[in-house]
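The file run_33.txt comes next; it holds compact mmCIF, C-alpha atoms.
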```txt
# COMPACT_ATOMS: atom_id res chain seq x y z
CA MET A 90 21.88 -17.04 -2.31
CA SER A 91 20.78 -19.12 0.72
CA LYS A 92 24.15 -19.46 2.44
CA ASP A 93 25.19 -15.93 1.54
CA LEU A 94 21.93 -14.57 2.93
CA GLU A 95 22.29 -16.60 6.11
CA ARG A 96 25.78 -15.20 6.64
CA ARG A 97 24.51 -11.64 6.12
CA VAL A 98 21.68 -12.15 8.59
CA GLU A 99 24.10 -13.65 11.11
CA THR A 100 26.34 -10.61 10.78
CA VAL A 101 23.64 -7.95 11.24
CA LEU A 102 21.73 -9.77 14.01
CA ASN A 103 24.69 -11.42 15.74
CA GLN A 104 22.66 -14.62 15.72
CA VAL A 105 23.43 -17.97 14.08
CA ALA A 106 21.21 -18.62 11.03
CA VAL A 107 20.48 -22.28 10.31
CA SER A 108 18.04 -22.24 7.37
CA SER A 109 16.44 -20.09 4.70
CA SER A 110 13.61 -20.58 2.23
CA PRO A 111 11.84 -18.30 -0.28
CA LEU A 112 8.59 -16.56 0.63
CA SER A 113 6.01 -15.21 -1.78
CA GLY A 114 5.19 -11.52 -2.03
CA GLY A 115 7.19 -8.36 -1.77
CA SER A 116 7.25 -5.86 -4.62
CA VAL A 117 10.81 -4.80 -3.84
CA GLY A 118 13.50 -7.48 -3.84
CA GLU A 119 13.33 -11.15 -2.92
CA VAL A 120 11.83 -12.34 0.37
CA TYR A 121 13.07 -15.23 2.53
CA LYS A 122 12.17 -16.91 5.80
CA VAL A 123 15.35 -17.38 7.81
CA GLY A 124 15.56 -19.74 10.77
CA LEU A 125 17.79 -18.84 13.71
CA ALA A 126 19.59 -21.25 16.02
CA ASP A 127 17.45 -20.15 19.00
CA GLY A 128 14.30 -21.38 17.22
CA ARG A 129 13.02 -18.00 16.04
CA TYR A 130 12.35 -17.00 12.45
CA VAL A 131 12.87 -13.69 10.70
CA ALA A 132 11.85 -12.42 7.28
CA ALA A 133 14.69 -11.11 5.14
CA LYS A 134 14.26 -9.02 2.01
CA VAL A 135 17.15 -8.63 -0.42
CA ASP A 136 17.42 -5.96 -3.13
CA ASN A 137 20.23 -6.54 -5.62
CA GLN A 138 19.07 -3.96 -8.16
CA PRO A 139 21.50 -1.23 -9.29
CA ALA A 140 19.59 1.37 -7.24
CA PRO A 141 18.42 -0.51 -4.13
CA ILE A 142 15.58 1.07 -2.13
CA LEU A 143 14.78 -1.25 0.77
CA GLU A 144 15.60 1.38 3.38
CA LEU A 145 12.44 3.22 2.37
CA GLU A 146 10.30 0.24 3.32
CA GLY A 147 12.15 0.00 6.62
CA SER A 148 11.51 3.69 7.28
CA MET A 149 7.78 3.36 6.58
CA LEU A 150 7.42 0.32 8.83
CA THR A 151 9.30 2.10 11.61
CA TYR A 152 7.08 5.16 11.20
CA LEU A 153 3.91 3.05 11.53
CA ALA A 154 5.30 1.20 14.55
CA GLN A 155 6.19 4.44 16.31
CA ASN A 156 3.12 6.49 15.38
CA SER A 157 0.21 4.05 15.20
CA GLN A 158 -1.21 0.86 16.66
CA LEU A 159 -1.30 -0.89 13.29
CA PRO A 160 0.38 -4.31 13.61
CA VAL A 161 3.45 -4.28 11.39
CA PRO A 162 6.60 -6.41 11.48
CA GLY A 163 9.33 -4.98 13.66
CA VAL A 164 12.40 -3.78 11.77
CA LEU A 165 15.46 -5.67 13.06
CA PHE A 166 17.90 -4.30 10.47
CA SER A 167 17.53 -1.99 7.51
CA ASP A 168 19.75 -0.65 4.76
CA SER A 169 19.30 -0.19 1.02
CA ARG A 170 20.05 -3.83 0.13
CA LEU A 171 18.90 -5.84 3.16
CA LEU A 172 15.81 -5.57 5.34
CA VAL A 173 15.40 -8.00 8.24
CA LEU A 174 11.96 -8.09 9.82
CA GLU A 175 10.11 -9.83 12.58
CA TYR A 176 8.41 -12.89 11.09
CA LEU A 177 4.63 -12.65 11.54
CA PRO A 178 2.35 -15.70 11.44
CA GLY A 179 -0.80 -15.83 9.35
CA THR A 180 -2.19 -16.15 5.85
CA SER A 181 -3.96 -13.80 3.45
CA SER A 182 -7.37 -15.38 4.04
CA PHE A 183 -10.01 -13.40 5.92
CA ASN A 184 -13.19 -14.55 7.62
CA SER A 185 -15.85 -12.24 9.06
CA SER A 186 -13.99 -11.92 12.35
CA SER A 187 -10.67 -10.95 10.79
CA GLN A 188 -12.44 -8.50 8.47
CA ARG A 189 -14.04 -6.79 11.45
CA HIS A 190 -10.66 -6.65 13.19
CA ALA A 191 -9.09 -5.14 10.06
CA ALA A 192 -11.84 -2.50 10.03
CA GLU A 193 -11.08 -1.57 13.64
CA LEU A 194 -7.36 -1.33 12.95
CA LEU A 195 -7.73 0.80 9.82
CA ALA A 196 -10.36 3.04 11.39
CA GLU A 197 -7.93 3.70 14.25
CA LEU A 198 -5.13 4.40 11.76
CA HIS A 199 -7.34 6.77 9.78
CA ASN A 200 -8.09 8.77 12.91
CA ILE A 201 -4.42 9.83 13.00
CA ALA A 202 -4.43 13.24 11.33
CA ALA A 203 -2.06 15.82 9.90
CA ASP A 204 -2.66 19.41 8.85
CA ARG A 205 -1.92 18.75 5.15
CA PHE A 206 -1.94 15.96 2.60
CA GLY A 207 1.28 14.19 1.67
CA PHE A 208 4.17 13.02 3.81
CA SER A 209 7.53 14.13 5.11
CA TYR A 210 9.31 12.17 2.38
CA ASP A 211 8.51 10.38 -0.87
CA THR A 212 7.57 6.73 -0.49
CA LEU A 213 7.00 3.66 -2.65
CA ILE A 214 4.03 1.70 -3.97
CA GLY A 215 4.67 -1.60 -5.68
CA GLY A 216 8.33 -0.64 -5.87
CA LEU A 217 7.45 2.55 -7.79
CA HIS A 218 8.24 6.09 -6.76
CA GLN A 219 5.34 7.75 -4.91
CA PRO A 220 5.72 11.55 -4.54
CA ASN A 221 4.30 13.13 -1.38
CA PRO A 222 4.77 16.93 -1.44
CA TRP A 223 2.66 18.61 1.23
CA LYS A 224 -0.57 20.08 -0.17
CA SER A 225 -3.47 21.83 1.52
CA SER A 226 -5.95 20.57 -1.10
CA TRP A 227 -6.68 16.85 -1.34
CA VAL A 228 -8.30 17.18 -4.77
CA ASP A 229 -5.19 18.91 -6.12
CA PHE A 230 -2.91 16.35 -4.47
CA PHE A 231 -4.87 13.41 -5.85
CA ARG A 232 -4.97 14.94 -9.33
CA GLU A 233 -1.31 15.93 -9.57
CA GLN A 234 0.60 13.47 -7.38
CA ARG A 235 -1.48 10.37 -7.93
CA LEU A 236 -3.52 10.27 -11.15
CA LEU A 237 -1.42 12.43 -13.45
CA PHE A 238 1.94 11.42 -12.01
CA MET A 239 1.32 7.68 -12.40
CA ALA A 240 -0.45 8.08 -15.74
CA ASN A 241 2.55 9.98 -17.08
CA GLN A 242 4.89 7.25 -15.82
CA ALA A 243 2.82 4.60 -17.61
CA PHE A 244 2.52 6.70 -20.77
CA GLU A 245 6.26 7.36 -20.99
CA ILE A 246 7.11 3.65 -21.08
CA GLY A 247 4.38 2.88 -23.62
CA ARG A 248 1.90 1.05 -21.39
CA LEU A 249 -0.80 3.72 -21.35
CA PRO A 250 -2.05 4.64 -24.85
CA GLU A 251 -1.91 8.34 -25.73
CA ALA A 252 -5.66 8.57 -26.36
CA LEU A 253 -6.43 7.14 -22.93
CA PHE A 254 -3.83 9.41 -21.33
CA LYS A 255 -5.57 12.46 -22.83
CA ARG A 256 -8.96 11.22 -21.60
CA LEU A 257 -7.53 10.88 -18.11
CA GLN A 258 -6.04 14.37 -18.27
CA ALA A 259 -9.42 15.82 -19.24
CA PHE A 260 -11.20 13.89 -16.49
CA SER A 261 -8.63 15.03 -13.91
CA GLU A 262 -9.45 18.66 -14.60
CA ARG A 263 -13.04 18.06 -13.47
CA LEU A 264 -12.43 16.02 -10.32
CA ASP A 265 -14.14 18.65 -8.21
CA LEU A 266 -17.46 17.58 -9.75
CA TRP A 267 -17.28 14.32 -7.78
CA LEU A 268 -14.68 14.74 -5.04
CA LYS A 269 -14.74 17.06 -2.06
CA GLU A 270 -12.16 18.02 0.52
CA PRO A 271 -12.25 15.55 3.44
CA THR A 272 -12.61 16.73 7.02
CA GLN A 273 -9.00 15.78 7.77
CA PRO A 274 -5.88 14.30 6.15
CA SER A 275 -5.74 10.73 7.50
CA LEU A 276 -2.72 8.48 7.85
CA ILE A 277 -3.15 5.49 5.53
CA HIS A 278 -1.24 2.26 5.00
CA GLY A 279 -1.48 2.98 1.29
CA ASP A 280 -1.31 -0.54 -0.14
CA ALA A 281 -3.90 -2.48 1.85
CA TRP A 282 -4.78 -5.41 -0.39
CA THR A 283 -4.95 -9.16 0.20
CA GLY A 284 -1.28 -9.93 -0.36
CA ASN A 285 -0.12 -7.32 2.17
CA ILE A 286 -2.31 -8.40 5.09
CA LEU A 287 -1.99 -11.46 7.35
CA ALA A 288 -4.61 -13.06 9.60
CA LEU A 289 -4.70 -15.98 12.01
CA ASN A 290 -7.62 -17.37 14.06
CA GLY A 291 -9.91 -14.49 13.17
CA GLN A 292 -7.41 -11.75 14.02
CA ILE A 293 -5.17 -9.61 11.83
CA THR A 294 -1.54 -10.34 12.66
CA GLY A 295 0.16 -7.89 10.36
CA PHE A 296 0.07 -5.30 7.59
CA LEU A 297 3.06 -5.55 5.24
CA ASP A 298 4.66 -3.46 2.46
CA PRO A 299 3.20 -0.04 3.32
CA ALA A 300 2.99 2.98 1.03
CA VAL A 301 2.19 5.55 3.70
CA TYR A 302 1.05 9.16 3.42
CA PHE A 303 -1.74 11.41 4.70
CA ALA A 304 -4.75 11.21 2.41
CA ASP A 305 -8.51 11.03 2.20
CA ALA A 306 -9.15 7.72 4.02
CA GLU A 307 -11.60 6.79 1.25
CA ILE A 308 -8.73 6.01 -1.10
CA GLU A 309 -7.63 3.23 1.26
CA LEU A 310 -11.16 1.87 1.63
CA SER A 311 -11.56 1.87 -2.15
CA PHE A 312 -8.47 -0.24 -2.71
CA THR A 313 -9.73 -2.91 -0.30
CA THR A 314 -12.57 -3.53 -2.76
CA LEU A 315 -10.60 -3.52 -6.02
CA PHE A 316 -9.34 -7.10 -5.77
CA GLY A 317 -11.94 -8.38 -3.32
CA THR A 318 -9.82 -8.06 -0.18
CA PHE A 319 -12.66 -7.12 2.17
CA GLY A 320 -16.44 -7.09 1.95
CA ASP A 321 -19.60 -6.44 3.93
CA SER A 322 -18.25 -7.50 7.33
CA PHE A 323 -15.38 -5.05 7.00
CA PHE A 324 -17.48 -2.10 5.87
CA LYS A 325 -20.23 -2.66 8.42
CA ARG A 326 -17.72 -2.54 11.28
CA TYR A 327 -15.71 0.34 9.80
CA GLY A 328 -18.89 2.36 9.34
CA GLU A 329 -19.80 1.86 12.99
CA ILE A 330 -16.55 3.57 13.97
CA ARG A 331 -16.11 6.05 11.11
CA PRO A 332 -19.40 6.49 9.22
CA LEU A 333 -19.05 6.39 5.45
CA GLU A 334 -20.04 9.54 3.58
CA PRO A 335 -22.90 9.23 1.06
CA GLY A 336 -21.72 8.49 -2.46
CA PHE A 337 -18.52 6.69 -1.52
CA LEU A 338 -19.40 3.19 -2.69
CA GLU A 339 -21.57 4.42 -5.55
CA THR A 340 -19.24 7.02 -7.06
CA ARG A 341 -15.97 7.95 -5.40
CA ARG A 342 -14.71 4.38 -4.97
CA ASP A 343 -14.24 3.97 -8.73
CA ILE A 344 -12.46 7.32 -9.02
CA TYR A 345 -10.03 6.47 -6.24
CA ASN A 346 -9.35 3.03 -7.68
CA LEU A 347 -7.98 4.69 -10.79
CA TYR A 348 -4.74 5.21 -8.87
CA PRO A 349 -3.97 1.55 -8.02
CA LEU A 350 -5.14 0.60 -11.50
CA LEU A 351 -2.65 3.07 -12.99
CA VAL A 352 0.05 1.57 -10.77
CA HIS A 353 -0.79 -1.81 -12.29
CA VAL A 354 -0.81 -0.32 -15.79
CA ARG A 355 2.68 1.08 -15.14
CA LEU A 356 3.88 -2.29 -13.83
CA PHE A 357 2.05 -4.74 -16.09
CA GLY A 358 -0.06 -3.06 -18.78
CA GLY A 359 -2.52 -5.61 -20.13
CA SER A 360 -6.11 -5.76 -18.93
CA TYR A 361 -5.58 -2.97 -16.41
CA VAL A 362 -5.57 -0.49 -19.31
CA ALA A 363 -9.13 -1.47 -20.21
CA SER A 364 -10.19 -1.14 -16.56
CA VAL A 365 -8.99 2.46 -16.52
CA GLY A 366 -10.89 3.10 -19.75
CA ARG A 367 -14.13 1.67 -18.37
CA ILE A 368 -14.05 3.94 -15.31
CA LEU A 369 -13.35 7.03 -17.41
CA LYS A 370 -16.20 6.11 -19.74
CA ARG A 371 -18.54 5.77 -16.77
CA PHE A 372 -17.90 9.43 -15.93
CA GLY A 373 -18.25 10.60 -19.51
CA TYR A 374 -14.58 10.66 -20.58
```

Produce C-alpha cells that represent the structure in this file.
Amino acid sequence: MSKDLERRVETVLNQVAVSSSPLSGGSVGEVYKVGLADGRYVAAKVDNQPAPILELEGSMLTYLAQNSQLPVPGVLFSDSRLLVLEYLPGTSSFNSSSQRHAAELLAELHNIAADRFGFSYDTLIGGLHQPNPWKSSWVDFFREQRLLFMANQAFEIGRLPEALFKRLQAFSERLDLWLKEPTQPSLIHGDAWTGNILALNGQITGFLDPAVYFADAEIELSFTTLFGTFGDSFFKRYGEIRPLEPGFLETRRDIYNLYPLLVHVRLFGGSYVASVGRILKRFGY
C-alpha cells in the first residue's frame, strides 16, 4: 500500500512523495501521513470498499471551509477513493484554554443559520448514511431522520432488539413533551467528539471528519459530553456567547445523545444497546 499510495499522491499533487505511515482515526477508509520532498506533510485517506464514498467527506470539508471560520483541513484532492488533505498538527487532548477556544469556534459555527433543518445533500456519520431532507420542524426532523432512521438501520441488521426498537418508536411519538423548536436551524459539525478534534498549545488546530447539517445546536453540545470530550470550561465559555436554554443539561442532553448512541449501536452493538435502554427508561419508556 505505501508505495502505491505515494505514487497516487504524487500523481494528483504533482509533488514527489518520499514517505508514508498509518495514522489513527477516520471512520471511512484508511488514513496515512505522507511526506513530500519539499518537507511538507499531507494526510491521505484511501477507500477501497466496493462503493467508495470519500468524495462526500471532501465535499463537507470544502463546505465548512467556504462557509464558516471553523478550522478544517484544506482539501487538496478529492474523489471517491482518495482524499488528500492538509496535515494539521495537534493531539486530541484538551486543557481549559483549548476547551474555551473550541467553545468560541462552535458558537460561531452555530450562529450560521438556514431557514430549514437538514442540508442540501445527504451526508455521512461514522461512515453511515445520514439523510438530510429539508424540514421546517426540528422535532419532526430529529424523530424521523435521526432517531427512527438510525434505529431502523440497527434493527434491520440485528443489533437493536425488537423490544427496544418498539420502546424507541413509542418514545419518539412523544418528543414534543421534552423538545421544542429552536429559534433557528444552526450549522453544526455533526460529529464533534474527542477523536475528531485537534489541539496544540491551548488552541484548537482542526475539526476533522464532519457530518454537517442544519440542526438544533443543542444536539452538537450534547455529543461533546457523551464521551467526555469537553467539560465545564467549554460550557462556561459557550454560554457566555450563546446562553444555554434551561433544561438542556438536565433533560434534553440525554434525548439528543440517543442519536450518536444509535449510531454506535448500528456500528458496534454491545454496551451501547443498554445505554439506549437506560435513557428510554429515564423518560418512562

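Using all atoms listed in the file, the residues found no farther than 12 Å from Ser209 in chain A, other than those of its own chain fewer than 5 positions away, are Ser148, Met149, Tyr152, Ala203, Pro220, Asn221, Pro222, Trp223, Lys224, Val301, Tyr302 and Phe303 of chain A.
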
Problem set entry | Among the residues A:Arg331, A:His190, A:His353, A:Lys370, the one that comes closest to Leu217 in chain A [using all atoms listed in the file] | A:His353

For this session: Determine, counting only C-alpha atoms, which protein, DNA and RNA residues have an atom within 10 Å of an atom of range 308-316 of chain A; residues of the same chain fewer than 3 positions away are not included. Present the result as a ChimeraX atom specification.
Result: /A:192,195-196,199,231,275-283,304-305,319-320,323-324,327,333,337-338,341-350

With the cut-off set at 12 Å and counting all atoms listed in the file, tabulate each residue of range 203-320 of chain A with an atom at most that distance from an atom of range 170-179 of chain A, showing the nearest atom pair and its distance in Å to one decimal, ordered by chain and increasing number, as JSON lines.
```
{"residue": "A:Gly284", "atom": "CA", "partner": "A:Gly179", "partner_atom": "CA", "distance": 11.4}
{"residue": "A:Asn285", "atom": "CA", "partner": "A:Gly179", "partner_atom": "CA", "distance": 11.2}
{"residue": "A:Ile286", "atom": "CA", "partner": "A:Gly179", "partner_atom": "CA", "distance": 8.7}
{"residue": "A:Leu287", "atom": "CA", "partner": "A:Gly179", "partner_atom": "CA", "distance": 5.0}
{"residue": "A:Ala288", "atom": "CA", "partner": "A:Gly179", "partner_atom": "CA", "distance": 4.7}
{"residue": "A:Leu289", "atom": "CA", "partner": "A:Gly179", "partner_atom": "CA", "distance": 4.7}
{"residue": "A:Asn290", "atom": "CA", "partner": "A:Gly179", "partner_atom": "CA", "distance": 8.4}
{"residue": "A:Gly291", "atom": "CA", "partner": "A:Gly179", "partner_atom": "CA", "distance": 10.0}
{"residue": "A:Gln292", "atom": "CA", "partner": "A:Gly179", "partner_atom": "CA", "distance": 9.1}
{"residue": "A:Ile293", "atom": "CA", "partner": "A:Gly179", "partner_atom": "CA", "distance": 8.0}
{"residue": "A:Thr294", "atom": "CA", "partner": "A:Gly179", "partner_atom": "CA", "distance": 6.5}
{"residue": "A:Gly295", "atom": "CA", "partner": "A:Leu177", "partner_atom": "CA", "distance": 6.6}
{"residue": "A:Phe296", "atom": "CA", "partner": "A:Leu177", "partner_atom": "CA", "distance": 9.5}
{"residue": "A:Leu297", "atom": "CA", "partner": "A:Leu177", "partner_atom": "CA", "distance": 9.6}
{"residue": "A:Asp298", "atom": "CA", "partner": "A:Leu174", "partner_atom": "CA", "distance": 11.4}
```

For this session: Could you check which of A:Gly163, A:Gly128, A:Ser182, A:Gly216 is closest to Ala140 in chain A, using only C-alpha atoms?
Result: A:Gly216

Exercise. Using only C-alpha atoms, which residues sit within 10 Å of Leu125 in chain A once same-chain residues fewer than 6 positions away are excluded, as an NGL selection string?
Worked result: :A and (95 or 98-99 or 102 or 104-109 or 131)

Can you pull out every residue within 12 Å of range 232-247 of chain A, counting only C-alpha atoms, but drop anything in the same chain fewer than 3 positions away, and send it as an mmCIF file with C-alpha atoms, keeping the file's coordinate frame?
```
data_model
loop_
_atom_site.group_PDB
_atom_site.id
_atom_site.type_symbol
_atom_site.label_atom_id
_atom_site.label_comp_id
_atom_site.auth_asym_id
_atom_site.auth_seq_id
_atom_site.Cartn_x
_atom_site.Cartn_y
_atom_site.Cartn_z
ATOM 1 C CA PHE A 206 -1.940 15.960 2.600
ATOM 2 C CA GLY A 207 1.280 14.190 1.670
ATOM 3 C CA PHE A 208 4.170 13.020 3.810
ATOM 4 C CA ASP A 211 8.510 10.380 -0.870
ATOM 5 C CA THR A 212 7.570 6.730 -0.490
ATOM 6 C CA LEU A 213 7.000 3.660 -2.650
ATOM 7 C CA ILE A 214 4.030 1.700 -3.970
ATOM 8 C CA GLY A 215 4.670 -1.600 -5.680
ATOM 9 C CA LEU A 217 7.450 2.550 -7.790
ATOM 10 C CA HIS A 218 8.240 6.090 -6.760
ATOM 11 C CA GLN A 219 5.340 7.750 -4.910
ATOM 12 C CA PRO A 220 5.720 11.550 -4.540
ATOM 13 C CA ASN A 221 4.300 13.130 -1.380
ATOM 14 C CA PRO A 222 4.770 16.930 -1.440
ATOM 15 C CA TRP A 223 2.660 18.610 1.230
ATOM 16 C CA LYS A 224 -0.570 20.080 -0.170
ATOM 17 C CA SER A 226 -5.950 20.570 -1.100
ATOM 18 C CA TRP A 227 -6.680 16.850 -1.340
ATOM 19 C CA VAL A 228 -8.300 17.180 -4.770
ATOM 20 C CA ASP A 229 -5.190 18.910 -6.120
ATOM 21 C CA PRO A 250 -2.050 4.640 -24.850
ATOM 22 C CA GLU A 251 -1.910 8.340 -25.730
ATOM 23 C CA ALA A 252 -5.660 8.570 -26.360
ATOM 24 C CA LEU A 253 -6.430 7.140 -22.930
ATOM 25 C CA PHE A 254 -3.830 9.410 -21.330
ATOM 26 C CA LYS A 255 -5.570 12.460 -22.830
ATOM 27 C CA ARG A 256 -8.960 11.220 -21.600
ATOM 28 C CA LEU A 257 -7.530 10.880 -18.110
ATOM 29 C CA GLN A 258 -6.040 14.370 -18.270
ATOM 30 C CA ALA A 259 -9.420 15.820 -19.240
ATOM 31 C CA PHE A 260 -11.200 13.890 -16.490
ATOM 32 C CA SER A 261 -8.630 15.030 -13.910
ATOM 33 C CA GLU A 262 -9.450 18.660 -14.600
ATOM 34 C CA ARG A 263 -13.040 18.060 -13.470
ATOM 35 C CA LEU A 264 -12.430 16.020 -10.320
ATOM 36 C CA ASP A 265 -14.140 18.650 -8.210
ATOM 37 C CA LEU A 268 -14.680 14.740 -5.040
ATOM 38 C CA GLY A 279 -1.480 2.980 1.290
ATOM 39 C CA TYR A 302 1.050 9.160 3.420
ATOM 40 C CA ALA A 304 -4.750 11.210 2.410
ATOM 41 C CA ILE A 308 -8.730 6.010 -1.100
ATOM 42 C CA ILE A 344 -12.460 7.320 -9.020
ATOM 43 C CA TYR A 345 -10.030 6.470 -6.240
ATOM 44 C CA ASN A 346 -9.350 3.030 -7.680
ATOM 45 C CA LEU A 347 -7.980 4.690 -10.790
ATOM 46 C CA TYR A 348 -4.740 5.210 -8.870
ATOM 47 C CA PRO A 349 -3.970 1.550 -8.020
ATOM 48 C CA LEU A 350 -5.140 0.600 -11.500
ATOM 49 C CA LEU A 351 -2.650 3.070 -12.990
ATOM 50 C CA VAL A 352 0.050 1.570 -10.770
ATOM 51 C CA HIS A 353 -0.790 -1.810 -12.290
ATOM 52 C CA VAL A 354 -0.810 -0.320 -15.790
ATOM 53 C CA ARG A 355 2.680 1.080 -15.140
ATOM 54 C CA LEU A 356 3.880 -2.290 -13.830
ATOM 55 C CA PHE A 357 2.050 -4.740 -16.090
ATOM 56 C CA GLY A 358 -0.060 -3.060 -18.780
ATOM 57 C CA GLY A 359 -2.520 -5.610 -20.130
ATOM 58 C CA TYR A 361 -5.580 -2.970 -16.410
ATOM 59 C CA VAL A 362 -5.570 -0.490 -19.310
ATOM 60 C CA VAL A 365 -8.990 2.460 -16.520
#
```

For this session: Grab the CA of Ser185 in chain A to CA of Thr318 in chain A distance for me, in Å with one decimal place.
Result: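 So the two atoms, CA of Ser185 in chain A and CA of Thr318 in chain A, lie 11.8 Å apart.
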
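Put simply, CA of Ala202 in chain A is 6.3 Å away from CA of Gln273 in chain A.
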
Seminar exercise, completed: Among A:Glu334, A:Asp168, A:Asp136, A:Asp321, Val101 in chain A is approached most closely, using all atoms listed in the file, by A:Asp168

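Across the structure, CA of Ile201 in chain A and CA of Pro160 in chain A are spaced 14.9 Å apart.
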
Exercise. Between A:Ala363, A:Leu143, A:Leu153, A:Leu194, which has the minimum distance to Phe166 in chain A (counting all atoms listed in the file)?
Worked result: A:Leu143

Problem set entry | Nearest to Phe372 in chain A, chosen from A:Leu159, A:Ala306, A:Ser360, A:Trp267, with all atoms listed in the file counted in the distances | A:Trp267

Problem set entry | Which of A:Ala154, A:Arg129, A:Leu112, A:Gly317 sits closest to Gln188 in chain A [using only C-alpha atoms] | A:Gly317

Residue completion, range 206-221 of chain A, N, CA and C atoms, as a tab-separated table (two decimals), in the coordinates of the input:
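Output (out_9.tsv):
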```tsv
chain	number	residue	atom	x	y	z
A	206	PHE	N	-2.00	17.24	3.28
A	206	PHE	CA	-1.94	15.96	2.60
A	206	PHE	C	-0.54	15.75	2.04
A	207	GLY	N	-0.06	14.51	2.12
A	207	GLY	CA	1.28	14.19	1.67
A	207	GLY	C	2.05	13.48	2.78
A	208	PHE	N	3.35	13.66	2.78
A	208	PHE	CA	4.17	13.02	3.81
A	208	PHE	C	5.50	13.75	3.89
A	209	SER	N	6.27	13.43	4.90
A	209	SER	CA	7.53	14.13	5.11
A	209	SER	C	8.63	13.68	4.14
A	210	TYR	N	8.39	12.59	3.43
A	210	TYR	CA	9.31	12.17	2.38
A	210	TYR	C	8.55	11.35	1.35
A	211	ASP	N	9.12	11.21	0.17
A	211	ASP	CA	8.51	10.38	-0.87
A	211	ASP	C	8.62	8.91	-0.48
A	212	THR	N	7.60	8.14	-0.86
A	212	THR	CA	7.57	6.73	-0.49
A	212	THR	C	7.50	5.86	-1.74
A	213	LEU	N	7.06	4.64	-1.57
A	213	LEU	CA	7.00	3.66	-2.65
A	213	LEU	C	5.64	3.00	-2.67
A	214	ILE	N	5.18	2.60	-3.86
A	214	ILE	CA	4.03	1.70	-3.97
A	214	ILE	C	4.35	0.70	-5.07
A	215	GLY	N	4.32	-0.57	-4.71
A	215	GLY	CA	4.67	-1.60	-5.68
A	215	GLY	C	6.08	-1.46	-6.22
A	216	GLY	N	6.96	-0.87	-5.43
A	216	GLY	CA	8.33	-0.64	-5.87
A	216	GLY	C	8.50	0.61	-6.71
A	217	LEU	N	7.40	1.33	-6.98
A	217	LEU	CA	7.45	2.55	-7.79
A	217	LEU	C	7.52	3.79	-6.92
A	218	HIS	N	8.14	4.82	-7.46
A	218	HIS	CA	8.24	6.09	-6.76
A	218	HIS	C	6.85	6.67	-6.50
A	219	GLN	N	6.61	7.14	-5.27
A	219	GLN	CA	5.34	7.75	-4.91
A	219	GLN	C	5.62	9.12	-4.29
A	220	PRO	N	5.40	10.21	-5.04
A	220	PRO	CA	5.72	11.55	-4.54
A	220	PRO	C	4.70	12.02	-3.51
A	221	ASN	N	5.18	12.70	-2.47
A	221	ASN	CA	4.30	13.13	-1.38
A	221	ASN	C	4.53	14.58	-0.95
```
